[in-house]
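Written below as structure tokens is the structure these notes are about.
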Protein chains: 2
Amino acid sequence: MSNHTPTQNHLLNALPKTEYDRLLAHLELVNMPLGEVLYESGGHLKHVYFPTSAIISLLYVMEDGSSAEIAVVGNEGILGISLFMGGETTPSRAVVQSAGYGYRLKSQLLKDEFNRNGPVLRLLLRYTQALITQMAQTAVCNRHHSVEQQLCRWLLLSIDRLAKDEIIMTQELIANMLGVRREGVTEAAGKLQRAGLIDYSRGHIKVINRLGLEARSCECYRVVKDEFDRLLPSLKERAE
Amino acid sequence: MSNHTPTQNHLLNALPKTEYDRLLAHLELVNMPLGEVLYESGGHLKHVYFPTSAIISLLYVMEDGSSAEIAVVGNEGILGISLFMGGETTPSRAVVQSAGYGYRLKSQLLKDEFNRNGPVLRLLLRYTQALITQMAQTAVCNRHHSVEQQLCRWLLLSIDRLAKDEIIMTQELIANMLGVRREGVTEAAGKLQRAGLIDYSRGHIKVINRLGLEARSCECYRVVKDEFDRLLPSLKERAE
DNA sequence: ACCTTTATGTTCGTTACCGCACATACATTC
DNA sequence: GAATGTATGTGCGGTAACGAACATAAAGGT
């Protein structure tokens, strides 16, 4: 192997050489199949994860079983911020939304690195702030925007974190993420399809017209994207 | 003066004596009148604020002018986390929701303290995680719960941060916070009033039956409160 | 006491989404 | 290629919240 390298994760790639080299030996490549639950609500965190090709969804599940996605983590980020924030755990659940790969690191090793009070700490905190923006914007979006707008936002967030323009995901699961009815997603997706923006069938959604989706999305997508770009400006190249 | 002391803010009160004493001379008591804008979206942060009797609302305002509250900050917390998170600014606006007092500290002084990598850093990060929980739960609540449930949650969050059981706030402003119509708040408040849970008139809302409100609220209130209690367990006493 | 302003109450038609039921169609397996 | 399971399409009544218009009522100034 392989075409896998930790630098495919933007946070890892953004680390100075010293820190990167220190962590490298401890990074373990893991496969993340669709639907796998990486963290359960309130559970203990044995590892943190740096996705490379996978996308993780952070979900809040309510007592009555209904749920909503509050943020996504892909190759731009890290799963497990509550570890270094000091809480050890969170009330959210982390589920693999798009199958792929990532690297994991034992919790204690990340904590140790964080406590060195160096560039790793600063990078992780800036990432956390970007994640906070995403959550806050999700709250606003849930309040004010239509299912169709939110679907556009969701599709854009997903393809940004994938190399391909095709998403493997049923409408049923998208509905769970957005916290709406499956029929609502069917209807919105149908409109987008008829408008020539996407093409989908049985769990495969292909984005045909990205700009069209952006135009149809609410502003929430762009606000979040701009804030990520601002806080985590583009990542240096690293010799393979 | 006075009956004002920085220890009325729970975060300041939770600091070890060394750190508290170091900051004390730089803490400046400020009055916070209703409606004052402490931070504008994207603006520069000259100070951070530790409310004692005031409550600050964190709002996201959309392009079309509609808005929604994503979190509140009272005497349990600090306003200005993006400063130490490294972003310097956020896309949210901070408005005084309930008039009162607080202490402010020059941004650089807080940064310096944060960078000592001591108990202040750890405390602020734990607080930030609690705030994240509040935002995430707000997102879910916006998705799934009725205006009446959200109003109960909002009232409870407010009186938790006030000494009194009376809130000075018009239904119009509450509607802005919740991101709903004023009429919706009128209707929900009317129900609560007829149920004997609250008593209000022209900008004065008095909570009569706190337990009744909790029962009528969605679970979101309790989830957030429990998480705050878990992350920021009760604060030591400090000799006046 | 009057007038003005501001806060709250009420109504009405409209809309987006819900919950449910069921039809269709593709995919997989035997 | 028949059978089964899964994904998607569609229609229907119900409801919560919306937008707008307007009525009432309390507070405050002169």
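Residue numbering restarts at 1 in every chain; chains get A, B, ... in the order shown in the structure tokens, and ligands count up from 1 in that same order.
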
query = So which bits of range 13-230 of chain B end up helix (DSSP H, G or I) when you DSSP the backbone, as number ranges by chain?
reply = B: 13, 17-24, 81-85, 107-115, 119-144, 147-160, 171-178, 182-194, 210-216, 220-230

Residue selection dump (C-alpha atoms) as a short mmCIF file (atom, residue, chain, number, x, y, z; two decimals), in the first residue's frame:
```cif
data_model
loop_
_atom_site.label_atom_id
_atom_site.label_comp_id
_atom_site.auth_asym_id
_atom_site.auth_seq_id
_atom_site.Cartn_x
_atom_site.Cartn_y
_atom_site.Cartn_z
CA ASN B 13 -15.08 32.60 40.63
CA LYS B 17 -6.39 32.34 43.55
CA THR B 18 -3.16 32.98 41.63
CA GLU B 19 -4.87 33.47 38.30
CA TYR B 20 -7.76 35.38 39.79
CA ASP B 21 -5.46 37.82 41.52
CA ARG B 22 -3.47 38.33 38.36
CA LEU B 23 -6.55 39.34 36.41
CA LEU B 24 -8.33 41.23 39.15
CA ILE B 81 -14.53 32.79 22.92
CA SER B 82 -13.45 33.29 19.32
CA LEU B 83 -10.61 35.37 20.68
CA PHE B 84 -8.81 32.46 22.27
CA MET B 85 -10.08 29.96 19.74
CA SER B 107 -8.44 41.08 24.71
CA GLN B 108 -4.69 40.87 24.87
CA LEU B 109 -4.74 40.21 28.60
CA LEU B 110 -7.04 37.27 28.17
CA LYS B 111 -4.94 35.93 25.34
CA ASP B 112 -1.81 36.20 27.46
CA GLU B 113 -3.48 34.36 30.28
CA PHE B 114 -4.78 31.71 27.92
CA ASN B 115 -1.33 31.19 26.47
CA PRO B 119 -6.01 26.41 34.53
CA VAL B 120 -7.51 29.38 32.70
CA LEU B 121 -7.05 27.63 29.38
CA ARG B 122 -8.61 24.46 30.65
CA LEU B 123 -11.54 26.23 32.23
CA LEU B 124 -12.26 28.30 29.14
CA LEU B 125 -12.14 25.27 26.89
CA ARG B 126 -14.53 23.35 29.07
CA TYR B 127 -16.86 26.32 29.04
CA THR B 128 -16.57 26.45 25.27
CA GLN B 129 -17.61 22.84 25.02
CA ALA B 130 -20.68 23.57 27.10
CA LEU B 131 -21.48 26.44 24.77
CA ILE B 132 -21.09 24.12 21.80
CA THR B 133 -23.64 21.80 23.36
CA GLN B 134 -26.03 24.68 23.73
CA MET B 135 -25.66 25.61 20.07
CA ALA B 136 -26.07 22.06 18.88
CA GLN B 137 -29.15 21.55 21.01
CA THR B 138 -30.57 24.80 19.68
CA ALA B 139 -30.15 23.46 16.16
CA VAL B 140 -32.09 20.33 17.03
CA CYS B 141 -34.71 22.29 18.92
CA ASN B 142 -35.27 24.58 15.95
CA ARG B 143 -35.88 21.57 13.82
CA HIS B 144 -38.26 19.59 15.96
CA VAL B 147 -42.84 27.55 19.58
CA GLU B 148 -44.40 26.90 22.96
CA GLN B 149 -41.77 24.35 23.92
CA GLN B 150 -39.02 26.65 22.79
CA LEU B 151 -40.48 29.54 24.71
CA CYS B 152 -40.41 27.44 27.87
CA ARG B 153 -36.81 26.51 27.22
CA TRP B 154 -35.92 30.14 26.60
CA LEU B 155 -37.60 31.36 29.77
CA LEU B 156 -35.84 28.72 31.82
CA LEU B 157 -32.45 29.54 30.33
CA SER B 158 -33.07 33.18 31.19
CA ILE B 159 -34.19 32.85 34.79
CA ASP B 160 -31.33 30.44 35.47
CA GLN B 171 -42.70 39.38 23.18
CA GLU B 172 -41.43 41.11 20.09
CA LEU B 173 -37.84 40.68 21.22
CA ILE B 174 -38.37 37.11 22.31
CA ALA B 175 -39.72 36.43 18.84
CA ASN B 176 -36.53 37.84 17.35
CA MET B 177 -34.44 35.59 19.55
CA LEU B 178 -36.40 32.49 18.73
CA ARG B 182 -44.29 37.90 17.38
CA GLU B 183 -47.84 36.58 17.18
CA GLY B 184 -46.57 33.09 17.74
CA VAL B 185 -44.97 34.18 20.98
CA THR B 186 -48.14 36.01 22.01
CA GLU B 187 -50.16 32.86 21.51
CA ALA B 188 -47.72 30.58 23.31
CA ALA B 189 -47.29 33.03 26.17
CA GLY B 190 -51.05 33.31 26.47
CA LYS B 191 -51.32 29.58 26.92
CA LEU B 192 -48.62 29.54 29.57
CA GLN B 193 -50.32 32.41 31.35
CA ARG B 194 -53.71 30.70 31.34
CA ARG B 210 -40.88 26.86 37.40
CA LEU B 211 -41.46 23.13 37.54
CA GLY B 212 -44.49 23.50 35.35
CA LEU B 213 -42.38 25.25 32.76
CA GLU B 214 -39.81 22.50 32.85
CA ALA B 215 -42.51 19.92 32.31
CA ARG B 216 -43.86 21.85 29.37
CA CYS B 220 -33.45 20.53 25.20
CA TYR B 221 -33.40 22.67 28.29
CA ARG B 222 -32.41 19.83 30.55
CA VAL B 223 -29.83 18.40 28.20
CA VAL B 224 -28.03 21.72 28.05
CA LYS B 225 -28.31 22.35 31.76
CA ASP B 226 -27.01 18.92 32.65
CA GLU B 227 -24.09 19.35 30.30
CA PHE B 228 -23.20 22.71 31.83
CA ASP B 229 -23.35 21.17 35.29
CA ARG B 230 -21.20 18.28 34.21
#
```

Taking only C-alpha atoms (C1' of nucleotides) into account, produce a table as JSON lines in which each residue of chain A with an atom at most 8 Å from an atom of chain D appears once, together with its shortest atom pair and the distance in Å to one decimal, ordered by chain and rising number.
```
{"residue": "A:Thr170", "atom": "CA", "partner": "D:DA7", "partner_atom": "C1'", "distance": 7.5}
{"residue": "A:Thr186", "atom": "CA", "partner": "D:DT8", "partner_atom": "C1'", "distance": 7.2}
{"residue": "A:Arg202", "atom": "CA", "partner": "D:DA7", "partner_atom": "C1'", "distance": 5.5}
{"residue": "A:Gly203", "atom": "CA", "partner": "D:DA7", "partner_atom": "C1'", "distance": 7.6}
```

Next, dump the selected residues to file, keeping only C-alpha atoms, as a CSV table (one decimal), in the first residue's frame.
```
chain,number,residue,atom,x,y,z
A,170,THR,CA,-30.4,7.1,0.1
A,186,THR,CA,-38.0,12.9,-2.4
A,202,ARG,CA,-31.4,4.4,-5.7
A,203,GLY,CA,-28.8,5.7,-3.4
```

request  = Check the smallest atom-to-atom distance from each of B:Glu40, B:Asp64, B:Glu28, B:Asp199 to chain A using only C-alpha atoms, then report the winner.
outcome  =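 Of B:Glu40, B:Asp64, B:Glu28, B:Asp199, the one nearest chain A is B:Asp64, counting only C-alpha atoms.
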
Go through chain C residue by residue and, counting only C-alpha atoms (C1' of nucleotides), keep those with an atom at most 8 Å from chain B; for each kept residue give the shortest atom pair and its distance in Å to one decimal, ordered by chain and increasing number, as a Markdown table.
```
| residue | atom | partner | partner_atom | distance |
| --- | --- | --- | --- | --- |
| C:DA7 | C1' | B:Arg202 | CA | 5.5 |
| C:DT8 | C1' | B:Thr186 | CA | 7.2 |
| C:DG9 | C1' | B:Thr186 | CA | 7.8 |
```

Based on the selection just made, write N, CA and C atoms (P, O5', C5', C4', C3', O3' and C1' of nucleotides) of those residues as a JSON list (two decimals), in the first residue's frame.
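That gives us again.json:
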```json
[["chain", "number", "residue", "atom", "x", "y", "z"],
["C", 7, "DA", "P", -42.34, 48.25, 22.93],
["C", 7, "DA", "O5'", -43.58, 47.38, 23.43],
["C", 7, "DA", "C5'", -44.01, 47.50, 24.77],
["C", 7, "DA", "C4'", -45.26, 46.67, 24.96],
["C", 7, "DA", "C3'", -45.12, 45.23, 24.46],
["C", 7, "DA", "O3'", -45.43, 44.37, 25.54],
["C", 7, "DA", "C1'", -47.09, 46.27, 23.57],
["C", 8, "DT", "P", -45.43, 42.81, 25.30],
["C", 8, "DT", "O5'", -46.95, 42.54, 24.91],
["C", 8, "DT", "C5'", -47.95, 42.82, 25.86],
["C", 8, "DT", "C4'", -49.32, 42.63, 25.23],
["C", 8, "DT", "C3'", -49.62, 41.20, 24.78],
["C", 8, "DT", "O3'", -50.75, 40.77, 25.51],
["C", 8, "DT", "C1'", -50.29, 42.78, 23.16],
["C", 9, "DG", "P", -51.29, 39.30, 25.31],
["C", 9, "DG", "O5'", -52.52, 39.50, 24.30],
["C", 9, "DG", "C5'", -53.64, 40.25, 24.75],
["C", 9, "DG", "C4'", -54.69, 40.30, 23.65],
["C", 9, "DG", "C3'", -55.10, 38.93, 23.10],
["C", 9, "DG", "O3'", -56.51, 38.86, 23.13],
["C", 9, "DG", "C1'", -54.51, 40.38, 21.32]]
```

ask   = What gap, in Å, lies between CA of Leu231 in chain A and CA of Ser92 in chain A?
value =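 Separating CA of Leu231 in chain A from CA of Ser92 in chain A is a distance of 23.8 Å.
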
message = Ranking B:His204, B:Lys106, B:Arg93, B:His4 by minimum distance to chain A and counting only C-alpha atoms, which one comes first?
response = B:Arg93

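Closest to chain B among A:Leu15, A:Ala99, A:Ile78, A:Val61 is A:Val61, based on only C-alpha atoms.
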
If DSSP is run on the backbone, what residues of range 10-168 of chain A are strand (DSSP E)? A reply as a PDB file with N, CA and C atoms, in the first residue's frame would be ideal.
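Generated file (selection-v6.pdb):
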```pdb
ATOM      1  N   GLU A  28      -3.051   5.339  12.528  1.00  0.00           N
ATOM      2  CA  GLU A  28      -3.446   4.012  12.074  1.00  0.00           C
ATOM      3  C   GLU A  28      -4.565   4.152  11.046  1.00  0.00           C
ATOM      4  N   LEU A  29      -4.318   3.646   9.861  1.00  0.00           N
ATOM      5  CA  LEU A  29      -5.331   3.724   8.804  1.00  0.00           C
ATOM      6  C   LEU A  29      -6.508   2.824   9.145  1.00  0.00           C
ATOM      7  N   VAL A  30      -7.703   3.356   9.067  1.00  0.00           N
ATOM      8  CA  VAL A  30      -8.891   2.533   9.333  1.00  0.00           C
ATOM      9  C   VAL A  30      -9.925   2.723   8.228  1.00  0.00           C
ATOM     10  N   ASN A  31     -10.623   1.648   7.950  1.00  0.00           N
ATOM     11  CA  ASN A  31     -11.720   1.669   7.005  1.00  0.00           C
ATOM     12  C   ASN A  31     -12.985   2.093   7.747  1.00  0.00           C
ATOM     13  N   MET A  32     -13.786   2.906   7.122  1.00  0.00           N
ATOM     14  CA  MET A  32     -15.011   3.388   7.762  1.00  0.00           C
ATOM     15  C   MET A  32     -16.203   3.075   6.879  1.00  0.00           C
ATOM     16  N   VAL A  37     -21.007   3.441  13.650  1.00  0.00           N
ATOM     17  CA  VAL A  37     -21.103   4.438  14.712  1.00  0.00           C
ATOM     18  C   VAL A  37     -19.744   4.550  15.398  1.00  0.00           C
ATOM     19  N   LEU A  38     -19.114   5.695  15.260  1.00  0.00           N
ATOM     20  CA  LEU A  38     -17.774   5.870  15.825  1.00  0.00           C
ATOM     21  C   LEU A  38     -17.847   6.320  17.288  1.00  0.00           C
ATOM     22  N   TYR A  39     -18.777   7.201  17.562  1.00  0.00           N
ATOM     23  CA  TYR A  39     -19.009   7.613  18.946  1.00  0.00           C
ATOM     24  C   TYR A  39     -20.485   7.518  19.249  1.00  0.00           C
ATOM     25  N   HIS A  47     -10.328   6.876  20.663  1.00  0.00           N
ATOM     26  CA  HIS A  47      -9.512   7.420  19.581  1.00  0.00           C
ATOM     27  C   HIS A  47     -10.107   8.724  19.063  1.00  0.00           C
ATOM     28  N   VAL A  48      -9.280   9.484  18.415  1.00  0.00           N
ATOM     29  CA  VAL A  48      -9.794  10.541  17.558  1.00  0.00           C
ATOM     30  C   VAL A  48      -9.544  10.122  16.115  1.00  0.00           C
ATOM     31  N   TYR A  49     -10.321  10.687  15.199  1.00  0.00           N
ATOM     32  CA  TYR A  49     -10.258  10.260  13.813  1.00  0.00           C
ATOM     33  C   TYR A  49      -9.980  11.430  12.887  1.00  0.00           C
ATOM     34  N   PHE A  50      -9.095  11.176  11.942  1.00  0.00           N
ATOM     35  CA  PHE A  50      -8.828  12.142  10.878  1.00  0.00           C
ATOM     36  C   PHE A  50      -9.283  11.537   9.554  1.00  0.00           C
ATOM     37  N   PRO A  51     -10.493  11.843   9.118  1.00  0.00           N
ATOM     38  CA  PRO A  51     -10.963  11.239   7.866  1.00  0.00           C
ATOM     39  C   PRO A  51     -10.114  11.687   6.682  1.00  0.00           C
ATOM     40  N   ILE A  55     -16.707  10.563   5.266  1.00  0.00           N
ATOM     41  CA  ILE A  55     -17.372  11.718   5.867  1.00  0.00           C
ATOM     42  C   ILE A  55     -18.153  11.237   7.082  1.00  0.00           C
ATOM     43  N   ILE A  56     -17.982  11.946   8.181  1.00  0.00           N
ATOM     44  CA  ILE A  56     -18.669  11.596   9.425  1.00  0.00           C
ATOM     45  C   ILE A  56     -19.747  12.636   9.707  1.00  0.00           C
ATOM     46  N   SER A  57     -20.864  12.133  10.171  1.00  0.00           N
ATOM     47  CA  SER A  57     -21.967  13.016  10.498  1.00  0.00           C
ATOM     48  C   SER A  57     -22.115  13.089  12.016  1.00  0.00           C
ATOM     49  N   LEU A  58     -22.225  14.300  12.541  1.00  0.00           N
ATOM     50  CA  LEU A  58     -22.493  14.447  13.970  1.00  0.00           C
ATOM     51  C   LEU A  58     -23.986  14.647  14.157  1.00  0.00           C
ATOM     52  N   LEU A  59     -24.614  13.733  14.869  1.00  0.00           N
ATOM     53  CA  LEU A  59     -26.060  13.737  15.031  1.00  0.00           C
ATOM     54  C   LEU A  59     -26.446  13.908  16.487  1.00  0.00           C
ATOM     55  N   TYR A  60     -27.513  14.646  16.701  1.00  0.00           N
ATOM     56  CA  TYR A  60     -28.156  14.638  18.006  1.00  0.00           C
ATOM     57  C   TYR A  60     -29.420  13.802  17.883  1.00  0.00           C
ATOM     58  N   VAL A  61     -29.563  12.858  18.754  1.00  0.00           N
ATOM     59  CA  VAL A  61     -30.747  12.005  18.728  1.00  0.00           C
ATOM     60  C   VAL A  61     -31.603  12.340  19.939  1.00  0.00           C
ATOM     61  N   SER A  67     -34.040  12.839  15.012  1.00  0.00           N
ATOM     62  CA  SER A  67     -32.638  13.243  15.051  1.00  0.00           C
ATOM     63  C   SER A  67     -32.386  14.407  14.120  1.00  0.00           C
ATOM     64  N   ALA A  68     -31.219  14.962  14.233  1.00  0.00           N
ATOM     65  CA  ALA A  68     -30.803  16.011  13.313  1.00  0.00           C
ATOM     66  C   ALA A  68     -29.288  16.085  13.319  1.00  0.00           C
ATOM     67  N   GLU A  69     -28.763  16.345  12.144  1.00  0.00           N
ATOM     68  CA  GLU A  69     -27.323  16.503  11.986  1.00  0.00           C
ATOM     69  C   GLU A  69     -26.934  17.906  12.410  1.00  0.00           C
ATOM     70  N   ILE A  70     -25.886  18.017  13.192  1.00  0.00           N
ATOM     71  CA  ILE A  70     -25.471  19.345  13.600  1.00  0.00           C
ATOM     72  C   ILE A  70     -24.189  19.783  12.897  1.00  0.00           C
ATOM     73  N   ALA A  71     -23.453  18.825  12.364  1.00  0.00           N
ATOM     74  CA  ALA A  71     -22.242  19.177  11.624  1.00  0.00           C
ATOM     75  C   ALA A  71     -21.718  17.938  10.913  1.00  0.00           C
ATOM     76  N   VAL A  72     -20.859  18.144   9.956  1.00  0.00           N
ATOM     77  CA  VAL A  72     -20.177  17.033   9.305  1.00  0.00           C
ATOM     78  C   VAL A  72     -18.663  17.230   9.428  1.00  0.00           C
ATOM     79  N   VAL A  73     -17.974  16.105   9.443  1.00  0.00           N
ATOM     80  CA  VAL A  73     -16.513  16.131   9.515  1.00  0.00           C
ATOM     81  C   VAL A  73     -15.971  15.284   8.377  1.00  0.00           C
ATOM     82  N   ARG A  93     -23.828  11.910  18.586  1.00  0.00           N
ATOM     83  CA  ARG A  93     -23.446  10.622  18.034  1.00  0.00           C
ATOM     84  C   ARG A  93     -22.709  10.868  16.727  1.00  0.00           C
ATOM     85  N   ALA A  94     -21.689  10.064  16.470  1.00  0.00           N
ATOM     86  CA  ALA A  94     -20.930  10.226  15.226  1.00  0.00           C
ATOM     87  C   ALA A  94     -21.115   8.987  14.362  1.00  0.00           C
ATOM     88  N   VAL A  95     -21.626   9.193  13.154  1.00  0.00           N
ATOM     89  CA  VAL A  95     -21.943   8.095  12.256  1.00  0.00           C
ATOM     90  C   VAL A  95     -21.255   8.325  10.917  1.00  0.00           C
ATOM     91  N   VAL A  96     -20.769   7.244  10.321  1.00  0.00           N
ATOM     92  CA  VAL A  96     -20.158   7.364   9.001  1.00  0.00           C
ATOM     93  C   VAL A  96     -21.258   7.607   7.971  1.00  0.00           C
ATOM     94  N   GLN A  97     -21.177   8.753   7.338  1.00  0.00           N
ATOM     95  CA  GLN A  97     -22.208   9.160   6.382  1.00  0.00           C
ATOM     96  C   GLN A  97     -21.798   8.763   4.970  1.00  0.00           C
ATOM     97  N   SER A  98     -20.511   8.729   4.742  1.00  0.00           N
ATOM     98  CA  SER A  98     -20.024   8.321   3.440  1.00  0.00           C
ATOM     99  C   SER A  98     -18.810   7.426   3.681  1.00  0.00           C
ATOM    100  N   GLY A 100     -15.440   5.298   3.566  1.00  0.00           N
ATOM    101  CA  GLY A 100     -14.113   5.682   3.114  1.00  0.00           C
ATOM    102  C   GLY A 100     -13.083   5.337   4.168  1.00  0.00           C
ATOM    103  N   TYR A 101     -12.001   6.083   4.127  1.00  0.00           N
ATOM    104  CA  TYR A 101     -10.905   5.805   5.033  1.00  0.00           C
ATOM    105  C   TYR A 101     -10.573   7.019   5.893  1.00  0.00           C
ATOM    106  N   GLY A 102      -9.824   6.740   6.910  1.00  0.00           N
ATOM    107  CA  GLY A 102      -9.337   7.808   7.759  1.00  0.00           C
ATOM    108  C   GLY A 102      -8.227   7.251   8.637  1.00  0.00           C
ATOM    109  N   TYR A 103      -7.592   8.137   9.372  1.00  0.00           N
ATOM    110  CA  TYR A 103      -6.557   7.696  10.306  1.00  0.00           C
ATOM    111  C   TYR A 103      -7.047   7.938  11.718  1.00  0.00           C
ATOM    112  N   ARG A 104      -6.725   7.012  12.585  1.00  0.00           N
ATOM    113  CA  ARG A 104      -7.101   7.238  13.971  1.00  0.00           C
ATOM    114  C   ARG A 104      -5.855   7.306  14.837  1.00  0.00           C
ATOM    115  N   LEU A 105      -6.045   7.920  15.993  1.00  0.00           N
ATOM    116  CA  LEU A 105      -4.930   8.173  16.897  1.00  0.00           C
ATOM    117  C   LEU A 105      -5.463   7.935  18.296  1.00  0.00           C
ATOM    118  N   LYS A 106      -4.659   7.287  19.123  1.00  0.00           N
ATOM    119  CA  LYS A 106      -5.113   7.026  20.485  1.00  0.00           C
ATOM    120  C   LYS A 106      -5.340   8.354  21.207  1.00  0.00           C
ATOM    121  N   GLU A 166     -20.115  12.301  -6.920  1.00  0.00           N
ATOM    122  CA  GLU A 166     -21.210  11.373  -6.684  1.00  0.00           C
ATOM    123  C   GLU A 166     -21.260  10.977  -5.212  1.00  0.00           C
ATOM    124  N   ILE A 167     -22.465  11.018  -4.671  1.00  0.00           N
ATOM    125  CA  ILE A 167     -22.661  10.706  -3.262  1.00  0.00           C
ATOM    126  C   ILE A 167     -23.447   9.404  -3.157  1.00  0.00           C
ATOM    127  N   ILE A 168     -22.986   8.508  -2.296  1.00  0.00           N
ATOM    128  CA  ILE A 168     -23.705   7.252  -2.077  1.00  0.00           C
ATOM    129  C   ILE A 168     -24.568   7.428  -0.839  1.00  0.00           C
TER     130      ILE A 168
END
```
